[in-house]
Number of protein chains: 2
Amino acid sequence: MRIGELSRRTGVSVPTIKFYVREGLLPAGELTSPNQASYGDGHERRLRLIRAMLGVGGLSLARIGEILAVVDDTSQPVFKLMGEVAGTVAAPSLVGSGEPSDAARESVAALGERRGWHVPPGHPDGDALARTLTEAERLGHEDFAVALDAYAEAAEKVAEADLSYVRGLGARDDVLEGVVVGMMLGDAMFGSLRRIAQAEETGRIYGRGEGA
Amino acid sequence: MRIGELSRRTGVSVPTIKFYVREGLLPAGELTSPNQASYGDGHERRLRLIRAMLGVGGLSLARIGEILAVVDDTSQPVFKLMGEVAGTVAAPSLVGSGEPSDAARESVAALGERRGWHVPPGHPDGDALARTLTEAERLGHEDFAVALDAYAEAAEKVAEADLSYVRGLGARDDVLEGVVVGMMLGDAMFGSLRRIAQAEETGRIYGRGEGA
């Protein structure tokens, strides 16, 4: 298709499409004459993905460029790529910038052992988790750590659903795109569901009051 | 205790403590002489909670004021309060500002029916969920909706763990404070665990490559 049709189909203006091509986010179209290029389904999908990362993910163009570079690098094994994509899309939450307490570190290590997880000291997500637990201690809620195993079990359930979806996508490009979409939309989806489930559970335990 | 000791214990400066009192975020101390006030454990805990909402939650002072007003309003039933606190701490994710598609609305309604949830049309979290699903459709990932039930089950598990923790806190003030802390720290905790679980599941399915 011509650039005009690509623009109509995706709702992205022609100058913006050209800008993305110049910035290396979108491959150039195939030249069909000295001043005319043709674009395909791949361009259309890539444009939608860029818009989603801007809109849903709230990512900067620089960060989007990094993610797409990872997606396009065919020299790396899928496992490594997925980790990098996931890490770039959803960076570890910045909870407490200080050092985690010893007790929090031990809780994380013990959890890893119970579940057979690879969370060596210095693991970014393991450290973020330890900092969250340290913050709970500081607030006098160190017992909140008793919820860890239930949370971990729920996280495994979500991860299984994610991977089972992504696996069904087949081709490598589709898989990595699915990881980007899944990390962004999955976080939003779980957030909504968690709030609904909490309201249900609260109503069950404390009653819904009138008019609920 | 005097204001100086409250400052030392919490790491919050005396002028900042006075500012919080003027703003109505912290109750004034009890006057023990015309120009001396005494502060108790309640003040200390309230200060830590304010700092946590600022630091971990990244909330504005105005929003913190609204949440504390809800926590302090003893005329409301606990169920209503918890909903309001949860809604203020963790607002529905802004995924797609447009109208949800009919298919997405139906998916949410059907999910609610399958799980026995109260998610009438217009429910803020139900709507946010429908908008997320609509975004997935737009990106050509409408099949991601198959993950909904697994996600919902995981969300119920997390909500049960939250409520079972909060219930154990006993008194009304402690319960509501626990909801604030739990919503903020629980989101961060689940985010870390989800990424760890995804890496584990990815490694299991695609192999870890060398050096992992």
# chains A, B, ... in the order shown; residues from 1 in each chain; ligands from 1

call {"tool": "residues_around", "arguments": {"residues": "segment 7-19 of chain A", "least_positions_apart": "3", "cutoff": "9 Å", "atoms": "only C-alpha atoms", "output": "PDB file with N, CA, C and O atoms, in the first residue's frame"}}
result
ATOM      1  N   ARG A   2       0.278   2.380  -0.403  1.00  0.00           N
ATOM      2  CA  ARG A   2       0.985   3.658  -0.356  1.00  0.00           C
ATOM      3  C   ARG A   2       0.949   4.217   1.062  1.00  0.00           C
ATOM      4  O   ARG A   2       0.127   3.808   1.878  1.00  0.00           O
ATOM      5  N   ILE A   3       1.784   5.210   1.313  1.00  0.00           N
ATOM      6  CA  ILE A   3       1.879   5.782   2.665  1.00  0.00           C
ATOM      7  C   ILE A   3       0.540   6.407   3.090  1.00  0.00           C
ATOM      8  O   ILE A   3       0.170   6.386   4.271  1.00  0.00           O
ATOM      9  N   GLY A   4      -0.197   6.950   2.104  1.00  0.00           N
ATOM     10  CA  GLY A   4      -1.485   7.559   2.415  1.00  0.00           C
ATOM     11  C   GLY A   4      -2.470   6.540   2.972  1.00  0.00           C
ATOM     12  O   GLY A   4      -3.203   6.819   3.930  1.00  0.00           O
ATOM     13  N   ARG A  22      12.509   7.953   9.818  1.00  0.00           N
ATOM     14  CA  ARG A  22      13.793   8.636  10.009  1.00  0.00           C
ATOM     15  C   ARG A  22      14.447   8.243  11.327  1.00  0.00           C
ATOM     16  O   ARG A  22      15.655   8.099  11.418  1.00  0.00           O
ATOM     17  N   GLU A  23      13.606   8.077  12.379  1.00  0.00           N
ATOM     18  CA  GLU A  23      14.139   7.734  13.700  1.00  0.00           C
ATOM     19  C   GLU A  23      14.506   6.257  13.811  1.00  0.00           C
ATOM     20  O   GLU A  23      14.994   5.811  14.846  1.00  0.00           O
ATOM     21  N   GLY A  24      14.215   5.492  12.764  1.00  0.00           N
ATOM     22  CA  GLY A  24      14.574   4.067  12.788  1.00  0.00           C
ATOM     23  C   GLY A  24      13.584   3.189  13.536  1.00  0.00           C
ATOM     24  O   GLY A  24      13.857   2.023  13.809  1.00  0.00           O
ATOM     25  N   LEU A  25      12.424   3.725  13.906  1.00  0.00           N
ATOM     26  CA  LEU A  25      11.426   2.917  14.624  1.00  0.00           C
ATOM     27  C   LEU A  25      10.631   2.048  13.653  1.00  0.00           C
ATOM     28  O   LEU A  25      10.121   0.992  14.021  1.00  0.00           O
ATOM     29  N   LEU A  26      10.510   2.522  12.425  1.00  0.00           N
ATOM     30  CA  LEU A  26       9.719   1.836  11.402  1.00  0.00           C
ATOM     31  C   LEU A  26      10.618   1.624  10.186  1.00  0.00           C
ATOM     32  O   LEU A  26      11.293   2.561   9.756  1.00  0.00           O
ATOM     33  N   ALA A  28      11.846   1.491   6.418  1.00  0.00           N
ATOM     34  CA  ALA A  28      11.407   2.253   5.250  1.00  0.00           C
ATOM     35  C   ALA A  28      10.570   1.352   4.347  1.00  0.00           C
ATOM     36  O   ALA A  28      10.712   0.122   4.368  1.00  0.00           O
ATOM     37  N   GLU A  44       2.086  -1.866   9.053  1.00  0.00           N
ATOM     38  CA  GLU A  44       0.851  -1.493   9.742  1.00  0.00           C
ATOM     39  C   GLU A  44       0.884  -1.976  11.197  1.00  0.00           C
ATOM     40  O   GLU A  44       0.561  -1.231  12.118  1.00  0.00           O
ATOM     41  N   ARG A  45       1.323  -3.237  11.366  1.00  0.00           N
ATOM     42  CA  ARG A  45       1.328  -3.774  12.731  1.00  0.00           C
ATOM     43  C   ARG A  45       2.369  -3.075  13.593  1.00  0.00           C
ATOM     44  O   ARG A  45       2.132  -2.794  14.765  1.00  0.00           O
ATOM     45  N   LEU A  47       3.392  -0.034  13.334  1.00  0.00           N
ATOM     46  CA  LEU A  47       2.861   1.290  13.681  1.00  0.00           C
ATOM     47  C   LEU A  47       1.896   1.208  14.858  1.00  0.00           C
ATOM     48  O   LEU A  47       1.933   2.026  15.778  1.00  0.00           O
ATOM     49  N   ARG A  48       1.011   0.208  14.810  1.00  0.00           N
ATOM     50  CA  ARG A  48       0.059   0.044  15.915  1.00  0.00           C
ATOM     51  C   ARG A  48       0.784  -0.246  17.226  1.00  0.00           C
ATOM     52  O   ARG A  48       0.409   0.227  18.286  1.00  0.00           O
ATOM     53  N   ARG A  51       2.257   2.964  18.552  1.00  0.00           N
ATOM     54  CA  ARG A  51       1.207   3.798  19.156  1.00  0.00           C
ATOM     55  C   ARG A  51       0.765   3.244  20.503  1.00  0.00           C
ATOM     56  O   ARG A  51       0.458   3.992  21.421  1.00  0.00           O
TER      57      ARG A  51
END

call {"tool": "residues_around", "arguments": {"residues": "Met1 of chain A", "least_positions_apart": "4", "cutoff": "10 Å", "atoms": "only C-alpha atoms", "output": "ChimeraX atom specification"}}
result
/A:5-6,29,37-41,43-44

call {"tool": "closest_residue", "arguments": {"among": "A:Lys80, A:His118, A:Arg172, A:His141", "to": "Ala197 of chain B", "atoms": "only C-alpha atoms"}}
result
A:His118

call {"tool": "residues_around", "arguments": {"residues": "Leu148 of chain A", "least_positions_apart": "4", "cutoff": "8 Å", "atoms": "only C-alpha atoms", "output": "MDAnalysis selection string"}}
result
chainID A and resid 111 144 152

call {"tool": "atom_distance", "arguments": {"atom1": "atom CA of Ala199 of chain A", "atom2": "atom CA of Arg195 of chain B"}}
result
25.3 Å

call {"tool": "residues_around", "arguments": {"residues": "segment 156-163 of chain B", "least_positions_apart": "4", "cutoff": "6 Å", "atoms": "only C-alpha atoms", "output": "short mmCIF file (atom, residue, chain, number, x, y, z; two decimals) with all heavy atoms, in the first residue's frame"}}
result
data_model
loop_
_atom_site.label_atom_id
_atom_site.label_comp_id
_atom_site.auth_asym_id
_atom_site.auth_seq_id
_atom_site.Cartn_x
_atom_site.Cartn_y
_atom_site.Cartn_z
N ALA A 147 1.57 -12.68 53.22
CA ALA A 147 0.81 -12.78 51.97
C ALA A 147 1.69 -13.21 50.79
O ALA A 147 1.19 -13.51 49.72
CB ALA A 147 0.14 -11.43 51.66
N TYR A 151 0.51 -14.44 46.96
CA TYR A 151 0.85 -13.55 45.85
C TYR A 151 1.69 -14.29 44.81
O TYR A 151 1.47 -14.16 43.60
CB TYR A 151 1.64 -12.34 46.35
CG TYR A 151 0.81 -11.12 46.72
CD1 TYR A 151 -0.07 -11.16 47.79
CD2 TYR A 151 0.92 -9.94 46.00
CE1 TYR A 151 -0.81 -10.04 48.13
CE2 TYR A 151 0.18 -8.83 46.33
CZ TYR A 151 -0.68 -8.87 47.40
OH TYR A 151 -1.41 -7.76 47.74
N ALA A 197 -11.90 -7.81 42.61
CA ALA A 197 -11.87 -8.95 43.53
C ALA A 197 -11.78 -8.49 44.98
O ALA A 197 -12.39 -9.09 45.87
CB ALA A 197 -10.69 -9.87 43.18
N GLN A 198 -11.06 -7.40 45.22
CA GLN A 198 -10.97 -6.89 46.59
C GLN A 198 -12.30 -6.37 47.08
O GLN A 198 -12.68 -6.59 48.22
CB GLN A 198 -9.92 -5.78 46.67
CG GLN A 198 -8.56 -6.32 47.03
CD GLN A 198 -7.49 -5.25 46.96
OE1 GLN A 198 -7.64 -4.28 46.22
NE2 GLN A 198 -6.42 -5.45 47.68
N ARG B 167 -7.96 -8.16 57.94
CA ARG B 167 -8.90 -8.59 58.99
C ARG B 167 -8.22 -8.81 60.32
O ARG B 167 -8.76 -8.54 61.38
CB ARG B 167 -9.49 -9.93 58.57
CG ARG B 167 -10.90 -9.83 58.17
CD ARG B 167 -11.36 -11.21 57.87
NE ARG B 167 -12.50 -11.56 58.65
CZ ARG B 167 -13.20 -12.67 58.47
NH1 ARG B 167 -12.80 -13.54 57.56
NH2 ARG B 167 -14.26 -12.92 59.19
#

call {"tool": "select_by_dssp", "arguments": {"residues": "segment 2-65 of chain A", "states": "strand (DSSP E or B)", "output": "JSON, numbers by chain"}}
result
{"A": [30, 31, 32, 33, 36, 37, 38]}

call {"tool": "residues_around", "arguments": {"residues": "Thr74 of chain A", "least_positions_apart": "6", "cutoff": "12 Å", "atoms": "only C-alpha atoms", "output": "list of chain:residue names"}}
result
A:Leu68, A:Lys80, A:Leu81, A:Ala171, A:Arg172, A:Asp173, A:Leu176

call {"tool": "residues_around", "arguments": {"residues": "Pro120 of chain B", "least_positions_apart": "4", "cutoff": "9 Å", "atoms": "only C-alpha atoms", "output": "list in words"}}
result
Ala109, Gly112 and Gly126 of chain B

call {"tool": "closest_residue", "arguments": {"among": "A:Leu129, A:Ile50, A:Val146, A:Ala136", "to": "Met183 of chain B", "atoms": "only C-alpha atoms"}}
result
A:Ala136

call {"tool": "closest_residue", "arguments": {"among": "A:Tyr20, A:Arg46, A:Leu61, A:Ala110", "to": "chain B", "atoms": "only C-alpha atoms"}}
result
A:Arg46

call {"tool": "closest_residue", "arguments": {"among": "B:Pro27, B:Gly168, B:Gly65, B:Gly83", "to": "chain A", "atoms": "only C-alpha atoms"}}
result
B:Gly83

call {"tool": "atom_distance", "arguments": {"atom1": "atom CA of Glu137 of chain A", "atom2": "atom CA of Val71 of chain B"}}
result
21.1 Å

call {"tool": "closest_residue", "arguments": {"among": "A:Val70, A:Leu49, A:Ala103, A:Leu31", "to": "chain B", "atoms": "only C-alpha atoms"}}
result
A:Leu49

call {"tool": "select_by_dssp", "arguments": {"residues": "segment 32-209 of chain B", "states": "helix (DSSP H, G or I)", "output": "ChimeraX atom specification"}}
result
/B:41-55,61-72,78-89,102-115,124-138,142-167,172-206
